[in-house]
file start_12.csv (CSV, C-alpha atoms and all ligand atoms)
chain,number,residue,atom,x,y,z
A,1,MET,CA,20.8,-1.6,-1.9
A,2,LYS,CA,18.1,0.6,-0.4
A,3,THR,CA,14.6,-0.8,0.2
A,4,ALA,CA,11.4,1.0,1.3
A,5,ILE,CA,8.2,-0.9,2.1
A,6,ILE,CA,5.0,1.1,2.2
A,7,TYR,CA,2.3,-0.7,4.1
A,8,TYR,CA,-1.2,-0.7,5.5
A,9,SER,CA,-1.8,-3.0,8.4
A,10,ARG,CA,-4.7,-2.4,10.7
A,11,HIS,CA,-7.1,-5.3,11.2
A,12,HIS,CA,-4.8,-7.4,13.5
A,13,GLU,CA,-1.5,-5.9,12.3
A,14,ASN,CA,-0.9,-9.2,10.5
A,15,THR,CA,1.0,-7.7,7.7
A,16,LYS,CA,3.0,-5.6,10.0
A,17,GLN,CA,4.1,-8.7,11.9
A,18,VAL,CA,5.5,-10.1,8.7
A,19,LEU,CA,7.2,-6.9,7.9
A,20,ASP,CA,8.7,-6.5,11.3
A,21,VAL,CA,10.4,-9.9,11.0
A,22,ILE,CA,11.9,-8.8,7.6
A,23,ALA,CA,12.9,-5.4,9.1
A,24,ALA,CA,14.6,-7.0,12.1
A,25,LYS,CA,17.0,-8.9,9.8
A,26,HIS,CA,17.4,-6.5,7.0
A,27,GLY,CA,17.7,-2.7,6.8
A,28,VAL,CA,14.5,-1.6,5.2
A,29,THR,CA,12.5,1.7,5.6
A,30,LEU,CA,9.0,0.9,6.7
A,31,LEU,CA,6.4,3.6,5.9
A,32,ASP,CA,2.8,3.5,7.1
A,33,ALA,CA,0.6,4.7,4.2
A,34,THR,CA,-1.9,6.2,6.5
A,35,LYS,CA,0.7,8.5,8.1
A,36,THR,CA,3.0,9.2,5.1
A,37,LYS,CA,1.2,10.7,2.1
A,38,TYR,CA,4.3,12.0,0.3
A,39,PHE,CA,7.8,10.5,0.2
A,40,ASP,CA,10.6,10.7,-2.2
A,41,LEU,CA,11.4,7.2,-3.3
A,42,THR,CA,13.9,8.2,-6.0
A,43,GLU,CA,16.9,6.9,-4.1
A,44,TYR,CA,15.4,3.5,-3.4
A,45,ASP,CA,16.5,0.5,-5.5
A,46,LEU,CA,13.6,-1.8,-4.4
A,47,ILE,CA,10.1,-0.8,-3.3
A,48,GLY,CA,7.7,-3.1,-1.4
A,49,LEU,CA,4.0,-2.4,-1.4
A,50,ALA,CA,2.3,-4.3,1.5
A,51,SER,CA,-1.2,-4.6,2.8
A,52,GLY,CA,-3.8,-6.7,4.4
A,53,ILE,CA,-6.5,-7.6,1.8
A,54,TYR,CA,-9.5,-5.4,2.1
A,55,TYR,CA,-12.5,-6.2,-0.2
A,56,SER,CA,-10.2,-8.2,-2.5
A,57,LYS,CA,-7.6,-5.5,-2.9
A,58,PHE,CA,-4.7,-3.9,-1.3
A,59,HIS,CA,-6.0,-1.1,1.0
A,60,LYS,CA,-6.7,2.1,-0.8
A,61,SER,CA,-4.1,4.0,1.2
A,62,VAL,CA,-1.3,1.9,-0.4
A,63,LEU,CA,-2.9,2.1,-3.9
A,64,GLU,CA,-3.1,5.9,-3.5
A,65,PHE,CA,0.4,6.2,-2.1
A,66,ALA,CA,1.8,4.3,-5.1
A,67,GLU,CA,-0.2,6.4,-7.5
A,68,GLU,CA,1.2,9.6,-5.9
A,69,ASN,CA,4.8,8.6,-5.0
A,70,LEU,CA,6.1,5.6,-7.0
A,71,PRO,CA,8.7,6.9,-9.5
A,72,MET,CA,8.8,5.5,-13.0
A,73,ASP,CA,10.6,2.3,-13.8
A,74,LYS,CA,11.3,1.0,-10.3
A,75,ARG,CA,11.7,-2.6,-9.1
A,76,VAL,CA,8.7,-3.4,-6.9
A,77,PHE,CA,7.4,-6.3,-4.9
A,78,PHE,CA,4.1,-7.1,-3.2
A,79,LEU,CA,3.5,-8.6,0.2
A,80,TYR,CA,0.0,-9.2,1.6
A,81,THR,CA,-2.0,-11.2,4.2
A,82,TYR,CA,-5.5,-12.4,3.6
A,83,GLY,CA,-8.3,-14.4,5.3
A,84,VAL,CA,-8.9,-16.7,2.3
A,85,LYS,CA,-6.4,-17.5,-0.4
A,86,LYS,CA,-7.1,-16.2,-3.9
A,87,GLU,CA,-4.8,-15.4,-6.8
A,88,SER,CA,-6.4,-12.1,-7.8
A,89,TYR,CA,-5.6,-9.9,-4.8
A,90,THR,CA,-2.7,-8.1,-6.5
A,91,ARG,CA,-4.6,-7.0,-9.6
A,92,ALA,CA,-5.5,-3.5,-8.4
A,93,ILE,CA,-2.0,-2.7,-7.2
A,94,GLU,CA,-0.5,-4.3,-10.4
A,95,ALA,CA,-2.6,-1.9,-12.4
A,96,VAL,CA,-1.0,1.1,-10.6
A,97,THR,CA,2.5,-0.2,-10.8
A,98,SER,CA,2.2,-1.1,-14.5
A,99,GLN,CA,1.2,2.5,-15.2
A,100,LYS,CA,4.5,3.5,-13.6
A,101,GLY,CA,6.5,1.2,-15.7
A,102,ALA,CA,7.5,-0.8,-12.6
A,103,GLU,CA,9.1,-4.3,-12.8
A,104,VAL,CA,7.3,-6.6,-10.4
A,105,VAL,CA,10.1,-8.8,-9.1
A,106,GLY,CA,7.9,-10.9,-6.8
A,107,ALA,CA,4.8,-11.3,-4.7
A,108,PHE,CA,4.4,-13.0,-1.3
A,109,GLY,CA,1.0,-13.7,0.3
A,110,CYS,CA,0.0,-15.6,3.4
A,111,LEU,CA,-2.9,-16.1,5.8
A,112,GLY,CA,-3.7,-13.5,8.4
A,113,PHE,CA,-6.1,-13.8,11.3
A,114,ASN,CA,-9.5,-12.5,10.2
A,115,THR,CA,-12.4,-11.6,12.4
A,116,PHE,CA,-14.2,-9.4,9.9
A,117,GLY,CA,-18.1,-9.5,9.9
A,118,PRO,CA,-19.6,-12.9,10.4
A,119,PHE,CA,-16.2,-14.5,11.0
A,120,LYS,CA,-16.2,-12.8,14.4
A,121,LEU,CA,-19.1,-14.9,15.5
A,122,ILE,CA,-17.1,-18.1,15.0
A,123,GLY,CA,-14.0,-16.7,16.6
A,124,GLY,CA,-12.4,-15.7,13.4
A,125,ILE,CA,-10.6,-17.6,10.6
A,126,ALA,CA,-6.9,-18.2,10.0
A,127,LYS,CA,-6.3,-17.9,13.8
A,128,GLY,CA,-2.6,-17.9,14.7
A,129,HIS,CA,-1.5,-16.6,11.3
A,130,PRO,CA,0.8,-15.3,10.2
A,131,ASP,CA,2.8,-18.0,12.0
A,132,ARG,CA,6.5,-18.4,12.5
A,133,ASP,CA,6.9,-20.5,9.3
A,134,GLU,CA,5.1,-17.9,7.2
A,135,CYS,CA,7.2,-15.1,8.6
A,136,ASN,CA,10.4,-17.1,7.9
A,137,ASP,CA,9.1,-17.8,4.3
A,138,ALA,CA,8.6,-14.1,3.9
A,139,VAL,CA,12.2,-13.4,5.0
A,140,ARG,CA,13.5,-16.0,2.5
A,141,PHE,CA,11.3,-14.4,-0.2
A,142,TYR,CA,12.8,-11.0,0.5
A,143,GLU,CA,16.3,-12.5,0.5
A,144,THR,CA,15.8,-14.0,-3.0
A,145,LEU,CA,14.8,-10.5,-4.2
A,146,ILE,CA,17.9,-8.8,-2.8
A,147,LYS,CA,20.2,-11.6,-4.1
A,148,THR,CA,19.0,-11.4,-7.6
A,149,ARG,CA,20.3,-7.8,-7.9
B,201,LIG,C1,-13.0,-4.7,6.2
B,201,LIG,C2,-12.2,-6.0,5.9
B,201,LIG,C3,-12.3,-6.6,4.6
B,201,LIG,C4,-11.6,-7.8,4.3
B,201,LIG,N1,-11.7,-8.3,3.1
B,201,LIG,C5,-11.0,-9.5,2.8
B,201,LIG,C6,-11.1,-10.1,1.5
B,201,LIG,O1,-11.7,-9.5,0.6
B,201,LIG,N2,-10.5,-11.3,1.3
B,201,LIG,C7,-9.7,-11.9,2.3
B,201,LIG,O2,-9.2,-12.9,2.1
B,201,LIG,N3,-9.6,-11.3,3.5
B,201,LIG,C8,-10.3,-10.1,3.8
B,201,LIG,N4,-10.1,-9.6,5.1
B,201,LIG,C9,-9.2,-10.2,6.0
B,201,LIG,C10,-7.9,-9.5,6.0
B,201,LIG,O3,-7.3,-9.4,4.7
B,201,LIG,C11,-6.9,-10.2,6.9
B,201,LIG,O4,-7.3,-10.4,8.2
B,201,LIG,C12,-5.5,-9.5,6.8
B,201,LIG,O5,-4.5,-10.3,7.4
B,201,LIG,C13,-5.6,-8.2,7.6
B,201,LIG,O6,-4.3,-7.6,7.5
B,201,LIG,P1,-3.8,-6.5,8.6
B,201,LIG,O7,-4.1,-7.1,10.0
B,201,LIG,O8,-2.4,-6.4,8.3
B,201,LIG,O9,-4.6,-5.3,8.3
B,201,LIG,C14,-10.8,-8.4,5.3
B,201,LIG,C15,-10.8,-7.8,6.6
B,201,LIG,C16,-11.5,-6.6,6.9
B,201,LIG,C17,-11.4,-6.0,8.3
call {"tool": "encode", "arguments": {"input": "start_12.csv", "output": "structure tokens"}}
result
Amino acid sequence: MKTAIIYYSRHHENTKQVLDVIAAKHGVTLLDATKTKYFDLTEYDLIGLASGIYYSKFHKSVLEFAEENLPMDKRVFFLYTYGVKKESYTRAIEAVTSQKGAEVVGAFGCLGFNTFGPFKLIGGIAKGHPDRDECNDAVRFYETLIKTR
């Protein structure tokens, strides 16, 4: 079982914190979408697309990476962190993966510290997130994906 996770995590590296906890327990290949533009994912059984939420979407580097590199008919999952919970954050990335015939096997989202714009004036929102429970939930989420194979 080979997993690659392509990510963008810049604001407070919130998403990366979650991914690092998964990667510490499970052998996954982590790829920063700002550094890796082309990568052959053919040999991977499971592909994660992960990002902080930027203007209600996954960051464009992850969307573009998936458009460019995601092979047809793969199993994919989404992982993301956000300042304010909403159900619609995966729509843009889903549009890309559906064009590639991907099977979306799961999505995990949790809070991430956000000091963008006016939130900075009040010391940010979702301070302390992702927390340990959220990171552990993410590991459990990942483990359900690899067990169902
Ligand atoms: C430019 C910018 C735009 C953002 N847009 C949203 C948004 O639309 N919805 C939201 O809930 N959070 C938004 N956030 C907060 C981030 O999604 C949140 O802090 C996330 O955890 C950042 O992930 P990262 O540290 O892994 O990059 C935004 C943050 C920045 C800097």
call {"tool": "closest_residue", "arguments": {"input": "start_12.csv", "among": "A:Asn136, A:Ser88, A:Thr29, A:Ser56", "to": "ligand LIG 201 (chain B)", "atoms": "all atoms listed in the file"}}
result
A:Ser56
call {"tool": "axis_aligned_box", "arguments": {"input": "start_12.csv", "around": "ligand LIG 201 (chain B)", "padding_each_side": "6 Å", "output": "lines of an AutoDock Vina configuration file"}}
result
center_x = -7.7
center_y = -8.8
center_z = 5.3
size_x = 22.6
size_y = 20.2
size_z = 21.4
call {"tool": "residues_around", "arguments": {"input": "start_12.csv", "residues": "Asn114 of chain A", "least_positions_apart": "2", "cutoff": "9 Å", "atoms": "all atoms listed in the file", "output": "list in words"}}
result
His11, His12, Tyr82, Gly83, Val84, Leu111, Gly112, Phe116, Phe119, Lys120, Gly123, Gly124, Ile125, Ala126 and Lys127 of chain A
call {"tool": "atom_distance", "arguments": {"input": "start_12.csv", "atom1": "atom CA of Asn69 of chain A", "atom2": "atom CA of Gly101 of chain A"}}
result
13.1 Å
call {"tool": "atom_distance", "arguments": {"input": "start_12.csv", "atom1": "atom CA of Ile122 of chain A", "atom2": "atom C11 of ligand LIG 201 (chain B)"}}
result
15.2 Å
call {"tool": "residues_around", "arguments": {"input": "start_12.csv", "residues": "Thr97 of chain A", "least_positions_apart": "4", "cutoff": "12 Å", "atoms": "all atoms listed in the file", "output": "list in words"}}
result
Ile47, Gly48, Leu49, Val62, Leu63, Glu64, Phe65, Ala66, Glu67, Glu68, Asn69, Leu70, Pro71, Met72, Asp73, Lys74, Arg75, Val76, Phe77, Phe78, Thr90, Arg91, Ala92, Ile93, Gly101, Ala102, Glu103, Val104 and Val105 of chain A
call {"tool": "atom_distance", "arguments": {"input": "start_12.csv", "atom1": "atom C16 of ligand LIG 201 (chain B)", "atom2": "atom CA of Asp32 of chain A"}}
result
17.5 Å
call {"tool": "closest_residue", "arguments": {"input": "start_12.csv", "among": "A:Ala95, A:Ala4, A:Ala33, A:Leu19", "to": "Leu46 of chain A", "atoms": "all atoms listed in the file"}}
result
A:Ala4
call {"tool": "residues_near_point", "arguments": {"input": "start_12.csv", "point": "(7.9, -2.7, 5.2)", "cutoff": "10 Å", "atoms": "all atoms listed in the file", "output": "PyMOL selection string"}}
result
chain A and resi 3-8+15-23+27-32+47-51+79
call {"tool": "residues_around", "arguments": {"input": "start_12.csv", "residues": "Glu87 of chain A", "least_positions_apart": "6", "cutoff": "12 Å", "atoms": "all atoms listed in the file", "output": "PyMOL selection string"}}
result
chain A and resi 53+56-57+80+107-110
call {"tool": "write_last_selection", "arguments": {"input": "start_12.csv", "atoms": "C-alpha atoms", "output": "PDB file, keeping the file's coordinate frame"}}
result
ATOM      1  CA  ILE A  53      -6.500  -7.600   1.800  1.00  0.00           C
ATOM      2  CA  SER A  56     -10.200  -8.200  -2.500  1.00  0.00           C
ATOM      3  CA  LYS A  57      -7.600  -5.500  -2.900  1.00  0.00           C
ATOM      4  CA  TYR A  80       0.000  -9.200   1.600  1.00  0.00           C
ATOM      5  CA  ALA A 107       4.800 -11.300  -4.700  1.00  0.00           C
ATOM      6  CA  PHE A 108       4.400 -13.000  -1.300  1.00  0.00           C
ATOM      7  CA  GLY A 109       1.000 -13.700   0.300  1.00  0.00           C
ATOM      8  CA  CYS A 110       0.000 -15.600   3.400  1.00  0.00           C
TER       9      CYS A 110
END
call {"tool": "closest_residue", "arguments": {"input": "start_12.csv", "among": "A:Ser61, A:Thr81, A:Lys2, A:Glu13", "to": "Thr42 of chain A", "atoms": "only C-alpha atoms"}}
result
A:Lys2
call {"tool": "residues_around", "arguments": {"input": "start_12.csv", "residues": "Tyr142 of chain A", "least_positions_apart": "2", "cutoff": "9 Å", "atoms": "all atoms listed in the file", "output": "short mmCIF file (atom, residue, chain, number, x, y, z; two decimals) with C-alpha atoms, keeping the file's coordinate frame"}}
result
data_model
loop_
_atom_site.label_atom_id
_atom_site.label_comp_id
_atom_site.auth_asym_id
_atom_site.auth_seq_id
_atom_site.Cartn_x
_atom_site.Cartn_y
_atom_site.Cartn_z
CA ILE A 22 11.90 -8.80 7.60
CA PHE A 77 7.40 -6.30 -4.90
CA GLY A 106 7.90 -10.90 -6.80
CA PHE A 108 4.40 -13.00 -1.30
CA ASP A 137 9.10 -17.80 4.30
CA ALA A 138 8.60 -14.10 3.90
CA VAL A 139 12.20 -13.40 5.00
CA ARG A 140 13.50 -16.00 2.50
CA THR A 144 15.80 -14.00 -3.00
CA LEU A 145 14.80 -10.50 -4.20
CA ILE A 146 17.90 -8.80 -2.80
CA LYS A 147 20.20 -11.60 -4.10
#
call {"tool": "closest_residue", "arguments": {"input": "start_12.csv", "among": "A:Glu43, A:Glu94, A:Glu143, A:Glu134", "to": "His26 of chain A", "atoms": "all atoms listed in the file"}}
result
A:Glu143
call {"tool": "closest_residue", "arguments": {"input": "start_12.csv", "among": "A:Leu41, A:Met1, A:Ala24, A:Pro130", "to": "ligand LIG 201 (chain B)", "atoms": "only C-alpha atoms and all ligand atoms"}}
result
A:Pro130
call {"tool": "closest_residue", "arguments": {"input": "start_12.csv", "among": "A:Lys25, A:Lys37, A:Lys86, A:Lys100", "to": "ligand LIG 201 (chain B)", "atoms": "only C-alpha atoms and all ligand atoms"}}
result
A:Lys86
call {"tool": "decode", "arguments": {"input": "start_12.csv", "residues": "segment 22-61 of chain A", "atoms": "N, CA and C atoms", "output": "JSON list (two decimals), in the first residue's frame"}}
result
[["chain", "number", "residue", "atom", "x", "y", "z"],
["A", 22, "ILE", "N", 0.47, 12.03, 10.98],
["A", 22, "ILE", "CA", 0.15, 10.83, 10.19],
["A", 22, "ILE", "C", 1.45, 10.19, 9.67],
["A", 23, "ALA", "N", 2.34, 11.03, 9.14],
["A", 23, "ALA", "CA", 3.58, 10.51, 8.54],
["A", 23, "ALA", "C", 4.50, 9.88, 9.57],
["A", 24, "ALA", "N", 4.42, 10.34, 10.83],
["A", 24, "ALA", "CA", 5.26, 9.76, 11.88],
["A", 24, "ALA", "C", 4.83, 8.33, 12.20],
["A", 25, "LYS", "N", 3.55, 8.02, 11.94],
["A", 25, "LYS", "CA", 3.03, 6.69, 12.27],
["A", 25, "LYS", "C", 2.97, 5.75, 11.07],
["A", 26, "HIS", "N", 2.83, 6.36, 9.90],
["A", 26, "HIS", "CA", 2.61, 5.56, 8.70],
["A", 26, "HIS", "C", 3.55, 6.04, 7.60],
["A", 27, "GLY", "N", 4.01, 5.10, 6.82],
["A", 27, "GLY", "CA", 4.90, 5.47, 5.72],
["A", 27, "GLY", "C", 4.14, 6.14, 4.59],
["A", 28, "VAL", "N", 4.22, 7.44, 4.52],
["A", 28, "VAL", "CA", 3.57, 8.15, 3.41],
["A", 28, "VAL", "C", 4.60, 9.10, 2.78],
["A", 29, "THR", "N", 4.45, 9.34, 1.50],
["A", 29, "THR", "CA", 5.30, 10.30, 0.81],
["A", 29, "THR", "C", 4.61, 11.65, 0.85],
["A", 30, "LEU", "N", 5.26, 12.64, 1.48],
["A", 30, "LEU", "CA", 4.67, 13.99, 1.54],
["A", 30, "LEU", "C", 5.32, 14.87, 0.48],
["A", 31, "LEU", "N", 4.50, 15.53, -0.30],
["A", 31, "LEU", "CA", 5.02, 16.40, -1.37],
["A", 31, "LEU", "C", 4.44, 17.80, -1.22],
["A", 32, "ASP", "N", 5.32, 18.78, -1.11],
["A", 32, "ASP", "CA", 4.89, 20.17, -1.03],
["A", 32, "ASP", "C", 4.57, 20.65, -2.45],
["A", 33, "ALA", "N", 3.33, 21.04, -2.66],
["A", 33, "ALA", "CA", 2.88, 21.41, -4.02],
["A", 33, "ALA", "C", 3.56, 22.68, -4.53],
["A", 34, "THR", "N", 4.19, 23.45, -3.66],
["A", 34, "THR", "CA", 4.90, 24.64, -4.16],
["A", 34, "THR", "C", 6.31, 24.28, -4.64],
["A", 35, "LYS", "N", 6.78, 23.11, -4.21],
["A", 35, "LYS", "CA", 8.15, 22.72, -4.59],
["A", 35, "LYS", "C", 8.16, 21.65, -5.67],
["A", 36, "THR", "N", 7.09, 20.86, -5.73],
["A", 36, "THR", "CA", 7.04, 19.77, -6.69],
["A", 36, "THR", "C", 5.93, 20.06, -7.68],
["A", 37, "LYS", "N", 6.29, 20.29, -8.89],
["A", 37, "LYS", "CA", 5.27, 20.61, -9.91],
["A", 37, "LYS", "C", 4.87, 19.36, -10.70],
["A", 38, "TYR", "N", 5.83, 18.45, -10.87],
["A", 38, "TYR", "CA", 5.57, 17.23, -11.63],
["A", 38, "TYR", "C", 6.03, 16.04, -10.81],
["A", 39, "PHE", "N", 5.16, 15.03, -10.73],
["A", 39, "PHE", "CA", 5.52, 13.83, -9.96],
["A", 39, "PHE", "C", 4.71, 12.68, -10.53],
["A", 40, "ASP", "N", 5.38, 11.55, -10.69],
["A", 40, "ASP", "CA", 4.69, 10.38, -11.23],
["A", 40, "ASP", "C", 3.99, 9.62, -10.11],
["A", 41, "LEU", "N", 2.68, 9.68, -10.11],
["A", 41, "LEU", "CA", 1.88, 9.06, -9.04],
["A", 41, "LEU", "C", 1.34, 7.68, -9.44],
["A", 42, "THR", "N", 1.76, 7.20, -10.59],
["A", 42, "THR", "CA", 1.18, 5.96, -11.11],
["A", 42, "THR", "C", 1.26, 4.80, -10.12],
["A", 43, "GLU", "N", 2.39, 4.70, -9.41],
["A", 43, "GLU", "CA", 2.61, 3.55, -8.53],
["A", 43, "GLU", "C", 1.89, 3.67, -7.19],
["A", 44, "TYR", "N", 1.26, 4.77, -6.93],
["A", 44, "TYR", "CA", 0.63, 4.99, -5.61],
["A", 44, "TYR", "C", -0.81, 4.48, -5.62],
["A", 45, "ASP", "N", -1.18, 3.77, -4.52],
["A", 45, "ASP", "CA", -2.53, 3.20, -4.42],
["A", 45, "ASP", "C", -3.52, 4.23, -3.89],
["A", 46, "LEU", "N", -3.00, 5.15, -3.07],
["A", 46, "LEU", "CA", -3.88, 6.11, -2.40],
["A", 46, "LEU", "C", -3.21, 7.48, -2.45],
["A", 47, "ILE", "N", -3.98, 8.48, -2.83],
["A", 47, "ILE", "CA", -3.40, 9.82, -2.98],
["A", 47, "ILE", "C", -4.20, 10.82, -2.15],
["A", 48, "GLY", "N", -3.49, 11.48, -1.24],
["A", 48, "GLY", "CA", -4.11, 12.51, -0.41],
["A", 48, "GLY", "C", -3.85, 13.88, -1.01],
["A", 49, "LEU", "N", -4.86, 14.72, -0.96],
["A", 49, "LEU", "CA", -4.71, 16.12, -1.39],
["A", 49, "LEU", "C", -5.05, 16.95, -0.16],
["A", 50, "ALA", "N", -4.10, 17.76, 0.26],
["A", 50, "ALA", "CA", -4.23, 18.41, 1.57],
["A", 50, "ALA", "C", -3.88, 19.89, 1.47],
["A", 51, "SER", "N", -4.61, 20.71, 2.25],
["A", 51, "SER", "CA", -4.37, 22.15, 2.14],
["A", 51, "SER", "C", -5.02, 22.89, 3.30],
["A", 52, "GLY", "N", -4.44, 24.05, 3.65],
["A", 52, "GLY", "CA", -5.20, 25.03, 4.38],
["A", 52, "GLY", "C", -6.25, 25.58, 3.43],
["A", 53, "ILE", "N", -7.34, 26.11, 3.98],
["A", 53, "ILE", "CA", -8.37, 26.69, 3.11],
["A", 53, "ILE", "C", -8.04, 28.16, 2.86],
["A", 54, "TYR", "N", -7.96, 28.48, 1.58],
["A", 54, "TYR", "CA", -7.63, 29.85, 1.14],
["A", 54, "TYR", "C", -8.78, 30.34, 0.27],
["A", 55, "TYR", "N", -9.47, 31.37, 0.76],
["A", 55, "TYR", "CA", -10.62, 31.93, 0.03],
["A", 55, "TYR", "C", -11.60, 30.81, -0.36],
["A", 56, "SER", "N", -11.93, 30.00, 0.64],
["A", 56, "SER", "CA", -12.96, 28.96, 0.53],
["A", 56, "SER", "C", -12.59, 27.76, -0.34],
["A", 57, "LYS", "N", -11.32, 27.64, -0.67],
["A", 57, "LYS", "CA", -10.89, 26.49, -1.50],
["A", 57, "LYS", "C", -9.57, 25.93, -1.00],
["A", 58, "PHE", "N", -9.22, 24.76, -1.54],
["A", 58, "PHE", "CA", -7.85, 24.30, -1.40],
["A", 58, "PHE", "C", -6.95, 25.28, -2.16],
["A", 59, "HIS", "N", -5.73, 25.43, -1.70],
["A", 59, "HIS", "CA", -4.83, 26.38, -2.35],
["A", 59, "HIS", "C", -4.60, 25.98, -3.82],
["A", 60, "LYS", "N", -4.43, 27.00, -4.66],
["A", 60, "LYS", "CA", -4.36, 26.71, -6.09],
["A", 60, "LYS", "C", -3.17, 25.82, -6.47],
["A", 61, "SER", "N", -2.11, 25.83, -5.69],
["A", 61, "SER", "CA", -0.98, 24.95, -6.02],
["A", 61, "SER", "C", -1.39, 23.48, -5.95]]
